[in-house]
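S.K.: What follows is model-v9.cif, mmCIF, C-alpha atoms.
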```
data_structure
#
loop_
_atom_site.label_atom_id
_atom_site.label_comp_id
_atom_site.auth_asym_id
_atom_site.auth_seq_id
_atom_site.Cartn_x
_atom_site.Cartn_y
_atom_site.Cartn_z
CA MET A 178 10.65 -6.64 1.31
CA SER A 179 11.78 -5.00 -1.91
CA ASN A 180 11.78 -7.54 -4.76
CA PRO A 181 14.50 -6.91 -7.37
CA HIS A 182 12.86 -9.55 -9.55
CA GLN A 183 9.63 -7.56 -9.90
CA VAL A 184 9.39 -5.69 -13.20
CA THR A 185 6.97 -3.35 -14.85
CA PRO A 186 4.90 -5.38 -17.32
CA GLN A 187 4.84 -4.36 -20.93
CA ILE A 188 1.27 -4.90 -22.03
CA ILE A 189 1.09 -5.93 -25.68
CA GLU A 190 -1.25 -3.78 -27.76
CA ASN A 191 -1.87 -1.22 -25.03
CA ASP A 192 -4.66 0.45 -26.99
CA MET A 193 -6.88 -2.61 -26.69
CA ASN A 194 -9.70 -2.44 -24.22
CA ARG A 195 -10.28 -5.41 -21.98
CA ARG A 196 -12.87 -7.27 -24.01
CA HIS A 197 -11.12 -6.64 -27.31
CA PHE A 198 -7.87 -7.93 -25.82
CA LEU A 199 -9.47 -11.11 -24.51
CA ALA A 200 -11.23 -11.78 -27.79
CA SER A 201 -7.97 -11.39 -29.70
CA VAL A 202 -6.31 -14.36 -28.00
CA PRO A 203 -7.49 -17.53 -29.76
CA VAL A 204 -6.00 -19.89 -27.20
CA LEU A 205 -8.06 -18.41 -24.38
CA THR A 206 -10.87 -20.77 -23.41
CA ALA A 207 -14.22 -19.88 -24.89
CA GLY A 208 -15.89 -20.20 -21.51
CA CYS A 209 -13.62 -17.61 -19.93
CA ALA A 210 -14.07 -15.14 -22.78
CA ALA A 211 -17.83 -15.67 -22.74
CA LEU A 212 -18.02 -14.97 -19.02
CA VAL A 213 -16.27 -11.65 -19.41
CA ALA A 214 -18.21 -10.66 -22.53
CA SER A 215 -21.55 -11.39 -20.85
CA GLY A 216 -20.65 -9.28 -17.85
CA SER A 217 -21.50 -12.14 -15.51
CA ALA A 218 -17.93 -12.70 -14.34
CA SER A 219 -16.80 -11.25 -11.06
CA ALA A 220 -13.99 -8.71 -11.06
CA LEU A 221 -11.69 -11.43 -9.76
CA ASN A 222 -12.62 -13.79 -12.59
CA GLN A 223 -12.18 -11.02 -15.13
CA ASP A 224 -8.73 -10.15 -13.78
CA SER A 225 -7.79 -13.82 -13.88
CA CYS A 226 -8.96 -14.15 -17.48
CA GLU A 227 -7.05 -11.07 -18.52
CA ARG A 228 -3.90 -12.27 -16.76
CA LYS A 229 -4.11 -15.57 -18.62
CA ALA A 230 -4.74 -13.75 -21.88
CA ARG A 231 -1.68 -11.55 -21.45
CA ILE A 232 0.48 -14.57 -20.66
CA LEU A 233 -0.69 -16.66 -23.59
CA SER A 234 -0.57 -13.76 -26.03
CA ALA A 235 2.98 -12.82 -25.05
CA ALA A 236 4.20 -16.42 -25.28
CA ALA A 237 2.65 -16.87 -28.73
CA LEU A 238 4.78 -14.17 -30.36
CA PRO A 239 7.70 -15.34 -32.55
CA ALA A 240 11.02 -15.37 -30.69
CA ILE A 241 13.05 -14.90 -33.89
CA ARG A 242 12.83 -11.47 -35.52
CA SER A 243 12.10 -12.31 -39.14
CA ASP A 244 12.68 -8.73 -40.29
CA GLN A 245 16.32 -9.06 -39.19
CA LEU A 246 17.05 -12.21 -41.21
CA SER A 247 18.61 -12.72 -44.62
CA THR A 248 16.20 -12.21 -47.51
CA ASP A 249 17.67 -15.24 -49.29
CA ALA A 250 16.52 -18.77 -48.57
CA LEU A 251 18.78 -20.78 -46.26
CA ILE A 252 17.98 -24.40 -47.06
CA ILE A 253 19.69 -26.73 -44.60
CA GLU A 254 21.67 -29.39 -46.45
CA SER A 255 23.35 -31.17 -43.54
CA VAL A 256 23.36 -31.43 -39.77
CA GLU A 257 26.39 -32.99 -38.09
CA LEU A 258 27.08 -33.92 -34.49
CA LEU A 259 30.80 -33.70 -33.68
CA ARG A 260 32.84 -34.80 -30.70
CA ASN A 261 36.32 -33.94 -29.45
CA ASN A 262 36.95 -35.82 -26.19
CA ARG A 263 34.33 -34.51 -23.74
CA GLN A 264 33.21 -31.57 -25.88
CA TRP A 265 30.38 -31.93 -28.40
CA LEU A 266 29.48 -29.59 -31.27
CA VAL A 267 26.65 -29.24 -33.76
CA ARG A 268 27.43 -28.05 -37.30
CA VAL A 269 24.70 -26.99 -39.73
CA ARG A 270 25.37 -26.21 -43.40
CA THR A 271 23.12 -24.77 -46.09
CA LYS A 272 23.09 -25.43 -49.82
CA CYS A 273 24.42 -21.92 -50.38
CA GLY A 274 27.46 -22.56 -48.18
CA VAL A 275 26.57 -20.78 -44.93
CA GLU A 276 27.64 -22.68 -41.80
CA GLY A 277 26.49 -22.53 -38.20
CA LEU A 278 28.54 -24.08 -35.40
CA ALA A 279 27.68 -24.32 -31.71
CA VAL A 280 29.03 -26.00 -28.60
CA ALA A 281 26.43 -28.47 -27.30
CA HIS A 282 25.75 -30.03 -23.90
CA GLY A 283 28.25 -32.89 -23.93
CA GLY A 284 27.26 -34.21 -20.53
CA VAL A 285 23.78 -35.14 -21.76
CA LEU A 286 24.52 -35.88 -25.42
CA ALA A 287 27.20 -38.40 -24.46
CA GLN A 288 24.29 -40.54 -23.23
CA THR A 289 21.44 -39.49 -25.52
CA TYR A 290 23.11 -38.74 -28.88
CA PRO A 291 21.01 -41.39 -30.74
CA ILE A 292 17.98 -39.17 -30.13
CA PHE A 293 19.80 -36.27 -31.80
CA THR A 294 21.10 -38.23 -34.78
CA GLY A 295 18.08 -40.47 -35.28
CA SER A 296 15.10 -38.37 -34.28
CA VAL A 297 15.94 -34.64 -34.22
CA ALA A 298 18.50 -33.69 -36.88
CA ARG A 299 16.62 -35.24 -39.80
CA HIS A 300 13.65 -32.91 -39.26
CA ALA A 301 15.84 -29.89 -40.03
CA VAL A 302 17.41 -31.15 -43.27
CA GLY A 303 15.67 -29.65 -46.29
CA THR A 304 14.00 -26.87 -44.32
CA ASP A 305 14.69 -23.15 -44.51
CA ALA A 306 16.72 -22.15 -41.45
CA ARG A 307 14.76 -18.88 -41.34
CA ASP A 308 11.66 -20.98 -40.56
CA TRP A 309 13.27 -22.56 -37.48
CA GLU A 310 10.34 -21.96 -35.12
CA ASN A 311 8.02 -23.94 -37.39
CA THR A 312 10.67 -26.64 -37.71
CA LEU A 313 10.78 -26.75 -33.92
CA ASN A 314 7.08 -27.60 -33.92
CA THR A 315 7.55 -30.36 -36.47
CA ILE A 316 10.40 -31.88 -34.47
CA TYR A 317 7.92 -32.25 -31.62
CA ASN A 318 4.80 -33.21 -33.59
CA GLY A 319 6.27 -34.87 -36.69
CA ARG A 320 6.09 -34.05 -40.42
CA GLY A 321 5.95 -35.94 -43.70
CA GLY A 322 7.51 -39.36 -43.24
CA PHE A 323 9.13 -38.38 -39.95
CA GLY A 324 7.32 -39.39 -36.80
CA PRO A 325 6.79 -37.15 -33.76
CA ASN A 326 9.17 -36.90 -30.83
CA TYR A 327 6.82 -35.85 -28.06
CA LYS A 328 7.20 -39.22 -26.31
CA TRP A 329 10.90 -38.48 -25.85
CA GLN A 330 10.11 -35.24 -24.02
CA GLY A 331 12.65 -34.62 -21.29
CA LEU A 332 16.40 -34.01 -21.36
CA ALA A 333 16.85 -36.62 -24.10
CA LEU A 334 14.77 -34.54 -26.52
CA TRP A 335 15.17 -30.96 -25.40
CA VAL A 336 18.95 -30.92 -24.95
CA SER A 337 19.20 -32.29 -28.50
CA VAL A 338 16.82 -29.61 -29.77
CA ALA A 339 18.63 -26.82 -27.91
CA SER A 340 22.00 -27.95 -29.27
CA LEU A 341 20.65 -27.94 -32.83
CA GLU A 342 18.92 -24.60 -32.35
CA LEU A 343 22.10 -22.88 -31.20
CA ALA A 344 23.85 -23.93 -34.42
CA VAL A 345 20.87 -22.77 -36.49
CA LEU A 346 20.89 -19.38 -34.72
CA ASP A 347 24.62 -19.06 -35.38
CA LEU A 348 23.90 -19.74 -39.05
CA LEU A 349 21.05 -17.21 -39.19
CA GLY A 350 23.19 -14.50 -37.62
CA LYS A 351 26.12 -15.14 -39.92
CA ALA A 352 23.86 -15.10 -43.00
CA ALA A 353 22.42 -11.75 -41.90
CA GLY A 354 25.80 -10.37 -40.78
CA LYS A 355 24.37 -9.65 -37.31
CA PRO A 356 24.94 -10.88 -33.76
CA VAL A 357 22.42 -13.46 -32.63
CA THR A 358 21.09 -11.00 -30.03
CA ASP A 359 19.91 -8.74 -32.87
CA ILE A 360 17.71 -11.46 -34.34
CA LEU A 361 16.24 -12.79 -31.09
CA GLY A 362 13.62 -11.61 -28.63
CA GLU A 363 13.56 -7.84 -28.28
CA GLY A 364 16.87 -7.35 -30.09
CA THR A 365 20.10 -6.35 -28.36
CA LEU A 366 19.03 -4.43 -25.26
CA ARG A 367 22.35 -4.72 -23.41
CA ARG A 368 25.77 -6.29 -23.94
CA GLU A 369 27.22 -6.06 -20.43
CA ILE A 370 25.64 -8.77 -18.31
CA ASP A 371 26.05 -8.89 -14.53
CA VAL A 372 26.50 -12.48 -13.38
CA TYR A 373 26.29 -14.49 -10.19
CA HIS A 374 28.72 -17.34 -9.61
CA ALA A 375 27.07 -20.67 -8.84
CA SER A 376 28.88 -23.33 -6.87
CA SER A 377 28.42 -27.00 -7.76
CA ASN A 378 29.39 -28.20 -4.29
CA ARG A 379 27.10 -29.95 -1.88
CA GLY A 380 28.10 -31.68 1.34
CA ASN A 381 31.49 -30.04 1.86
CA ALA A 382 32.21 -28.36 5.17
CA PRO A 383 30.86 -24.79 5.48
CA GLU A 384 34.37 -23.35 5.90
CA ALA A 385 35.50 -25.14 2.74
CA GLU A 386 32.60 -23.68 0.76
CA ILE A 387 33.47 -20.20 1.97
CA GLU A 388 37.00 -20.65 0.62
CA VAL A 389 35.61 -21.83 -2.72
CA PHE A 390 33.67 -18.60 -3.06
CA ARG A 391 36.62 -16.47 -2.01
CA ARG A 392 38.55 -17.95 -4.94
CA PHE A 393 35.60 -17.36 -7.30
CA ILE A 394 35.35 -13.75 -6.23
CA ASP A 395 39.10 -13.18 -6.56
CA GLU A 396 39.11 -14.66 -10.07
CA PHE A 397 35.87 -13.32 -11.56
CA GLY A 398 34.93 -10.37 -9.35
CA THR A 399 31.29 -11.43 -9.01
CA LYS A 400 29.03 -9.34 -6.77
CA ALA A 401 26.47 -12.13 -6.35
CA ILE A 402 26.86 -15.83 -5.51
CA LYS A 403 24.66 -18.93 -5.26
CA TYR A 404 25.39 -21.92 -3.09
CA ARG A 405 23.67 -25.27 -2.50
CA LEU A 406 21.67 -26.53 0.45
CA GLY A 407 20.21 -29.92 1.34
CA ALA A 408 21.31 -33.28 -0.04
CA ARG A 409 19.73 -32.98 -3.54
CA MET A 410 16.14 -34.23 -3.62
CA ARG A 411 16.54 -35.57 -0.09
CA GLN A 412 17.19 -34.32 3.41
CA THR A 413 19.50 -35.81 6.06
CA GLU A 414 20.58 -34.91 9.56
CA GLN A 415 24.03 -34.14 8.18
CA SER A 416 22.71 -31.82 5.46
CA ASP A 417 20.46 -30.03 7.95
CA ALA A 418 23.39 -29.43 10.28
CA ARG A 419 25.49 -28.09 7.42
CA ASP A 420 22.67 -25.81 6.25
CA ARG A 421 22.08 -24.34 9.70
CA GLU A 422 25.75 -23.48 9.97
CA LEU A 423 26.34 -22.37 6.39
CA ILE A 424 23.44 -19.94 5.95
CA PRO A 425 24.55 -17.36 8.56
CA LEU A 426 28.22 -18.01 7.78
CA MET A 427 27.68 -17.03 4.14
CA ARG A 428 26.22 -13.67 5.17
CA ASP A 429 28.94 -13.04 7.75
CA SER A 430 31.64 -13.92 5.21
CA PHE A 431 30.20 -11.91 2.31
CA PRO A 432 28.32 -8.99 3.90
CA ASN A 433 28.22 -6.92 0.72
CA HIS A 434 27.30 -9.64 -1.77
CA THR A 435 23.90 -10.63 -3.12
CA LEU A 436 23.28 -14.18 -1.90
CA TYR A 437 21.14 -16.89 -3.49
CA ALA A 438 20.54 -20.41 -2.15
CA ASP A 439 19.52 -23.53 -4.11
CA ALA A 440 18.04 -26.56 -2.34
CA ASN A 441 17.53 -28.67 -5.50
CA GLY A 442 14.25 -30.00 -4.12
CA SER A 443 15.74 -31.29 -0.87
CA TYR A 444 13.12 -30.15 1.65
CA ASP A 445 9.54 -30.85 2.59
CA TYR A 446 7.13 -27.98 3.23
CA GLU A 447 7.96 -27.51 6.92
CA SER A 448 11.72 -27.52 6.39
CA SER A 449 11.41 -25.18 3.39
CA VAL A 450 9.58 -22.62 5.49
CA ARG A 451 12.03 -22.98 8.37
CA PHE A 452 15.13 -22.58 6.21
CA GLY A 453 13.40 -19.95 4.07
CA LYS A 454 12.93 -17.80 7.18
CA MET A 455 16.62 -18.24 8.01
CA LEU A 456 17.51 -17.09 4.49
CA SER A 457 15.21 -14.09 4.81
CA GLU A 458 16.59 -13.10 8.20
CA THR A 459 20.15 -13.21 6.82
CA GLY A 460 19.34 -11.08 3.78
CA HIS A 461 19.31 -13.67 0.99
CA SER A 462 17.65 -12.62 -2.26
CA PHE A 463 16.13 -15.84 -3.60
CA PHE A 464 15.52 -19.44 -2.56
CA GLU A 465 15.63 -21.88 -5.48
CA GLU A 466 13.69 -25.19 -5.63
CA PRO A 467 12.95 -25.57 -1.92
CA VAL A 468 10.78 -28.68 -2.54
CA PRO A 469 10.95 -31.27 -5.37
CA PHE A 470 10.65 -29.47 -8.71
CA ASP A 471 7.36 -31.12 -9.77
CA HIS A 472 5.58 -30.56 -6.44
CA TYR A 473 3.71 -27.49 -7.66
CA ASP A 474 1.20 -27.43 -4.81
CA GLU A 475 3.92 -27.54 -2.14
CA THR A 476 5.99 -24.94 -4.00
CA LEU A 477 2.99 -22.61 -4.03
CA ALA A 478 2.38 -23.23 -0.33
CA VAL A 479 6.01 -22.38 0.46
CA ARG A 480 5.82 -19.22 -1.67
CA LYS A 481 2.70 -18.07 0.15
CA ALA A 482 4.16 -18.88 3.57
CA LEU A 483 7.24 -16.78 2.75
CA GLU A 484 5.42 -14.10 0.78
CA ASP A 485 6.88 -10.60 1.08
CA THR A 486 9.97 -12.01 2.82
CA MET A 487 11.67 -14.32 0.28
CA VAL A 488 11.65 -14.71 -3.52
CA ILE A 489 11.00 -18.34 -4.53
CA ALA A 490 12.71 -19.39 -7.77
CA GLY A 491 12.27 -22.52 -9.86
CA GLY A 492 11.97 -24.08 -13.29
CA GLU A 493 15.37 -25.68 -13.88
CA GLN A 494 13.80 -29.08 -14.58
CA GLU A 495 10.68 -27.86 -16.40
CA ILE A 496 10.27 -29.28 -19.91
CA SER A 497 6.73 -28.14 -20.81
CA LEU A 498 6.01 -24.65 -22.12
CA ARG A 499 2.38 -25.00 -21.08
CA HIS A 500 3.40 -25.95 -17.54
CA PHE A 501 5.65 -22.88 -17.37
CA LEU A 502 2.81 -20.63 -18.51
CA TRP A 503 0.48 -22.21 -15.97
CA GLN A 504 3.05 -21.65 -13.22
CA ILE A 505 3.32 -17.99 -14.22
CA GLU A 506 -0.46 -17.66 -14.41
CA HIS A 507 -0.88 -19.01 -10.86
CA ARG A 508 2.40 -17.56 -9.58
CA ILE A 509 3.70 -20.88 -8.33
CA VAL A 510 7.12 -19.23 -8.09
CA ASP A 511 8.18 -15.59 -8.00
CA LEU A 512 11.07 -16.10 -10.42
CA PRO A 513 10.75 -18.61 -13.30
CA GLN A 514 14.08 -20.10 -14.46
CA PRO A 515 14.02 -21.95 -17.79
CA ASP A 516 17.26 -23.81 -18.43
CA ILE A 517 18.64 -22.93 -21.86
CA PHE A 518 19.60 -26.55 -22.57
CA TYR A 519 17.12 -28.58 -20.52
CA PHE A 520 14.12 -26.57 -21.71
CA GLY A 521 14.99 -26.78 -25.39
CA GLY A 522 16.82 -23.62 -26.35
CA LEU A 523 16.73 -19.86 -26.47
CA THR A 524 13.51 -19.42 -28.44
CA ARG A 525 11.39 -21.41 -25.98
CA SER A 526 13.07 -19.66 -23.04
CA ILE A 527 12.36 -16.25 -24.58
CA ARG A 528 8.66 -17.20 -24.77
CA VAL A 529 8.70 -17.90 -21.03
CA ALA A 530 10.42 -14.57 -20.37
CA ARG A 531 7.81 -12.70 -22.39
CA ALA A 532 4.97 -14.44 -20.57
CA ALA A 533 6.50 -13.51 -17.21
CA HIS A 534 7.11 -9.93 -18.29
CA ALA A 535 3.50 -9.52 -19.36
CA VAL A 536 2.45 -9.91 -15.72
CA GLY A 537 5.32 -8.04 -14.09
CA MET A 538 7.67 -10.92 -13.29
CA ALA A 539 11.37 -11.28 -14.00
CA CYS A 540 12.70 -14.43 -15.68
CA THR A 541 16.30 -15.47 -15.13
CA ALA A 542 17.79 -18.27 -17.22
CA HIS A 543 19.17 -21.33 -15.49
CA ILE A 544 22.18 -22.99 -17.04
CA SER A 545 24.18 -26.14 -16.48
CA GLY A 546 27.92 -25.66 -16.64
CA TRP A 547 28.78 -27.57 -19.81
CA GLY A 548 30.47 -25.98 -22.81
CA LEU A 549 29.41 -22.37 -23.31
CA GLY A 550 26.38 -22.63 -21.07
CA SER A 551 27.10 -19.46 -19.11
CA TYR A 552 27.56 -17.52 -22.34
CA TYR A 553 24.18 -18.72 -23.67
CA ALA A 554 22.53 -17.46 -20.48
CA ALA A 555 24.13 -14.07 -21.14
CA VAL A 556 22.72 -14.08 -24.69
CA PHE A 557 19.26 -14.68 -23.20
CA ALA A 558 19.71 -11.75 -20.82
CA ALA A 559 20.92 -9.49 -23.63
CA CYS A 560 17.71 -9.75 -25.65
CA THR A 561 14.93 -9.99 -23.03
CA HIS A 562 13.25 -7.19 -21.10
CA ASN A 563 13.19 -8.88 -17.69
CA PRO A 564 16.24 -11.05 -16.96
CA GLY A 565 16.64 -9.93 -13.35
CA PRO A 566 19.71 -8.32 -11.78
CA TYR A 567 22.21 -11.21 -12.20
CA GLN A 568 22.60 -14.20 -14.53
CA GLU A 569 23.99 -17.63 -13.70
CA TYR A 570 27.69 -18.18 -14.33
CA LYS A 571 29.67 -21.37 -13.77
CA GLY A 572 32.99 -20.41 -15.24
CA PHE A 573 34.57 -21.44 -18.52
CA GLU A 574 35.79 -24.89 -19.47
CA ARG A 575 39.50 -24.67 -20.09
CA ASP A 576 39.60 -27.60 -22.53
CA LEU A 577 37.36 -25.70 -24.96
CA PRO A 578 39.49 -23.61 -27.39
CA ALA A 579 36.93 -20.85 -27.82
CA ALA A 580 37.35 -17.10 -27.98
CA ALA A 581 35.29 -14.05 -28.89
CA SER A 582 36.50 -11.53 -31.45
CA SER A 583 34.70 -8.91 -29.35
CA GLY A 584 33.28 -9.12 -25.86
CA ARG A 585 34.53 -11.93 -23.64
CA LEU A 586 33.53 -15.41 -22.55
CA ILE A 587 35.06 -15.12 -19.07
CA ALA A 588 33.57 -12.86 -16.40
CA LYS A 589 35.63 -9.89 -15.28
CA ASN A 590 34.55 -7.69 -12.39
CA GLY A 591 31.36 -9.74 -12.30
CA VAL A 592 30.41 -8.90 -15.90
CA LEU A 593 30.20 -10.89 -19.14
CA VAL A 594 30.29 -8.85 -22.34
CA VAL A 595 28.24 -10.45 -25.09
CA PRO A 596 30.15 -10.43 -28.41
CA ASP A 597 28.74 -8.36 -31.27
CA GLY A 598 30.25 -10.45 -34.07
CA PRO A 599 27.98 -12.26 -36.57
CA GLY A 600 26.05 -15.24 -35.25
CA LEU A 601 27.03 -16.40 -31.77
CA GLY A 602 30.23 -14.37 -32.07
CA VAL A 603 32.32 -17.29 -30.86
CA ASP A 604 35.45 -18.49 -32.65
CA LEU A 605 36.57 -22.10 -32.18
CA ASP A 606 40.11 -23.17 -33.05
CA PRO A 607 39.79 -24.53 -36.63
CA ALA A 608 42.46 -27.19 -36.04
CA TRP A 609 40.59 -28.42 -32.97
CA VAL A 610 37.31 -28.54 -34.89
CA LYS A 611 39.04 -30.45 -37.71
CA ASP A 612 40.15 -33.05 -35.17
CA CYS A 613 36.55 -33.69 -34.08
CA GLU A 614 35.00 -37.00 -35.04
CA ILE A 615 31.57 -37.06 -36.68
CA VAL A 616 29.15 -39.02 -34.52
#
```
Please lay out the structure from this file as structure tokens.

M.R.:
Amino acid sequence: MSNPHQVTPQIIENDMNRRHFLASVPVLTAGCAALVASGSASALNQDSCERKARILSAAALPAIRSDQLSTDALIIESVELLRNNRQWLVRVRTKCGVEGLAVAHGGVLAQTYPIFTGSVARHAVGTDARDWENTLNTIYNGRGGFGPNYKWQGLALWVSVASLELAVLDLLGKAAGKPVTDILGEGTLRREIDVYHASSNRGNAPEAEIEVFRRFIDEFGTKAIKYRLGARMRQTEQSDARDRELIPLMRDSFPNHTLYADANGSYDYESSVRFGKMLSETGHSFFEEPVPFDHYDETLAVRKALEDTMVIAGGEQEISLRHFLWQIEHRIVDLPQPDIFYFGGLTRSIRVARAAHAVGMACTAHISGWGLGSYYAAVFAACTHNPGPYQEYKGFERDLPAAASSGRLIAKNGVLVVPDGPGLGVDLDPAWVKDCEIV
């Protein structure tokens, strides 16, 4: 089966020979490098060592392009968390008067905001915004009189970090007079981003779900769609019956669309293989989280059982960069999917994309539907080599008074156009922002 999520790897430092390349990666284990250098490693071991080296080397590169930033220091003077009803914002200001503003993930921050205000924001105050990636490390490991946050690792920490990072990136872009895509990853590679529409429904009747997608397609013109299977981290007789009916009905109803299916960890191994074969036989293009997200061994077994017939996607719930790199190294999934919010922001997600690209894999961002989530996924796709054919889109929240001076925040004919204005390129109604309360 042709895999649209397979890419041609870009090998960093192509002129390096094998041993020189391995020796250049300090995080590679000494034992592995020694085996290759001594010539005692088998060809398989050597290939494995080189694969790991490419992954680690690619992920270690800075995600922010320092040569594109302002030459003047941007010392952060304040970090504020704002709320207007169900929408949450982060505002960052420097001593020289530059401001960054980003829409955060209100659904999580409404429950975990003390982590942001008490444990995350203070690490950024007094630092140079241009040094954000080092600040990111200190947020995790601690600095000066501020303790580490690694014990909070999970949505409580990483959604807070991602929300802060988005405001910092907006600030960096505005200070440089450039769109954020110019200062991230590989720079602006594309502005028109093809999207797939993801449904949030589970458990409704198959015919009702078909009608939901007909409305999506009429409104946004998407050429690809993703729907949900199972009962979310569990399996019931009712969900199985719905899945058996819905899978072929989706293909019959949308014969010319690219179809994706997301089980959210609902199945065991046997059911994953059974439904995976149904998806393959009906021309689906990927199968997301067939088994629980942290069951790496079962995920790998499903991938191998469906190899060459179905692309297995996953990573929505992953919070560890090292775990992501390990999954890429051992190809636990075919298509890694870091969530821009859940995984801690664009810079960490770009590192995952680079690691995947180094070994010929695509990397498509996952996004929850809060705020400007779908737009942030488009930003990721605009500045990475290997985002895959379509990016996740969950519509636009109508209670958010946001607009783009160029580009657009709402899909049209299945395409989002990433703005080219300074920073995030998003304008929020000043009166609405003024009405926000400071948390």

S.K.: (14.7, -28.8, -45.9) in this file's frame - what residues fall within 12 Å of it? Use all atoms listed in the file and give the answer as number ranges by chain.

M.R.: A: 250-256, 269-272, 298-309, 311-312, 315, 320-321

S.K.: May I have a table of the residues of region 283-396 of chain A lying at most 12 Å from region 439-457 of chain A, giving each one's closest pair of atoms and their distance in Å to one decimal, counting all atoms listed in the file, ordered by chain and ascending residue number, as JSON lines?

M.R.:
```
{"residue": "A:Ala375", "atom": "CA", "partner": "A:Asp439", "partner_atom": "CA", "distance": 9.4}
{"residue": "A:Ser376", "atom": "CA", "partner": "A:Asp439", "partner_atom": "CA", "distance": 9.8}
{"residue": "A:Ser377", "atom": "CA", "partner": "A:Asp439", "partner_atom": "CA", "distance": 10.2}
{"residue": "A:Asn378", "atom": "CA", "partner": "A:Asp439", "partner_atom": "CA", "distance": 10.9}
{"residue": "A:Arg379", "atom": "CA", "partner": "A:Ala440", "partner_atom": "CA", "distance": 9.7}
{"residue": "A:Gly380", "atom": "CA", "partner": "A:Ala440", "partner_atom": "CA", "distance": 11.9}
```

S.K.: When you look at Phe573 (chain A) with a cut-off of 9 Å (counting only C-alpha atoms), what residues show up, excluding the ones that are within fewer than 4 positions of it in the same chain? I need them as a VMD selection string.

M.R.: chain A and resid 546 to 552 577 586 to 588

S.K.: Got a sec: who's within 10 Å of Pro432 (chain A), counting all atoms listed in the file, leaving out chain neighbours fewer than 4 positions off, as a PyMOL selection string?

M.R.: chain A and resi 426-428+436+459-460

S.K.: Take the residues just selected and output them with C-alpha atoms as a CSV table (one decimal), in the frame of the given file.

M.R.:
```csv
chain,number,residue,atom,x,y,z
A,426,LEU,CA,28.2,-18.0,7.8
A,427,MET,CA,27.7,-17.0,4.1
A,428,ARG,CA,26.2,-13.7,5.2
A,436,LEU,CA,23.3,-14.2,-1.9
A,459,THR,CA,20.2,-13.2,6.8
A,460,GLY,CA,19.3,-11.1,3.8
```

S.K.: Mind checking which residues fall within 7 Å of region 340-352 of chain A, counting all atoms listed in the file, ignoring those fewer than 4 positions away in the same chain, and posting them as an NGL selection string?

M.R.: :A and (246-247 or 267-269 or 275-279 or 281-282 or 306-307 or 336 or 356-357 or 522 or 599-601)

S.K.: Starting from the PyMOL selection byres ((chain A and resi 497) around 12), expand the selection into actual residues of this file and give them as an NGL selection string.

M.R.: :A and (317 or 327 or 330-332 or 334-335 or 471 or 492-496 or 498-504 or 515-516 or 519-521 or 525-526 or 528-529)

S.K.: When distances are computed from all atoms listed in the file, which of A:Val468, A:Val338, A:Arg242, A:Gly274 shows the smallest separation from Phe518 (chain A)?

M.R.: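 Looking only at the distances to Phe518 (chain A), the closest residue turns out to be A:Val338.
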
S.K.: Please check which residues have atoms at most 12 Å from (12.3, -12.4, 0.1) in the file's coordinates, counting all atoms listed in the file, and write them as a PyMOL selection string.

M.R.: chain A and resi 178-183+436-438+450+453-465+479-490+510-512

S.K.: Go through A:Ile544, A:Asn590, A:Val595, A:Ile360 one by one, measure the shortest atom-to-atom distance of each to Glu396 (chain A) using all atoms listed in the file, and give the residue with the smallest value.

M.R.: A:Asn590
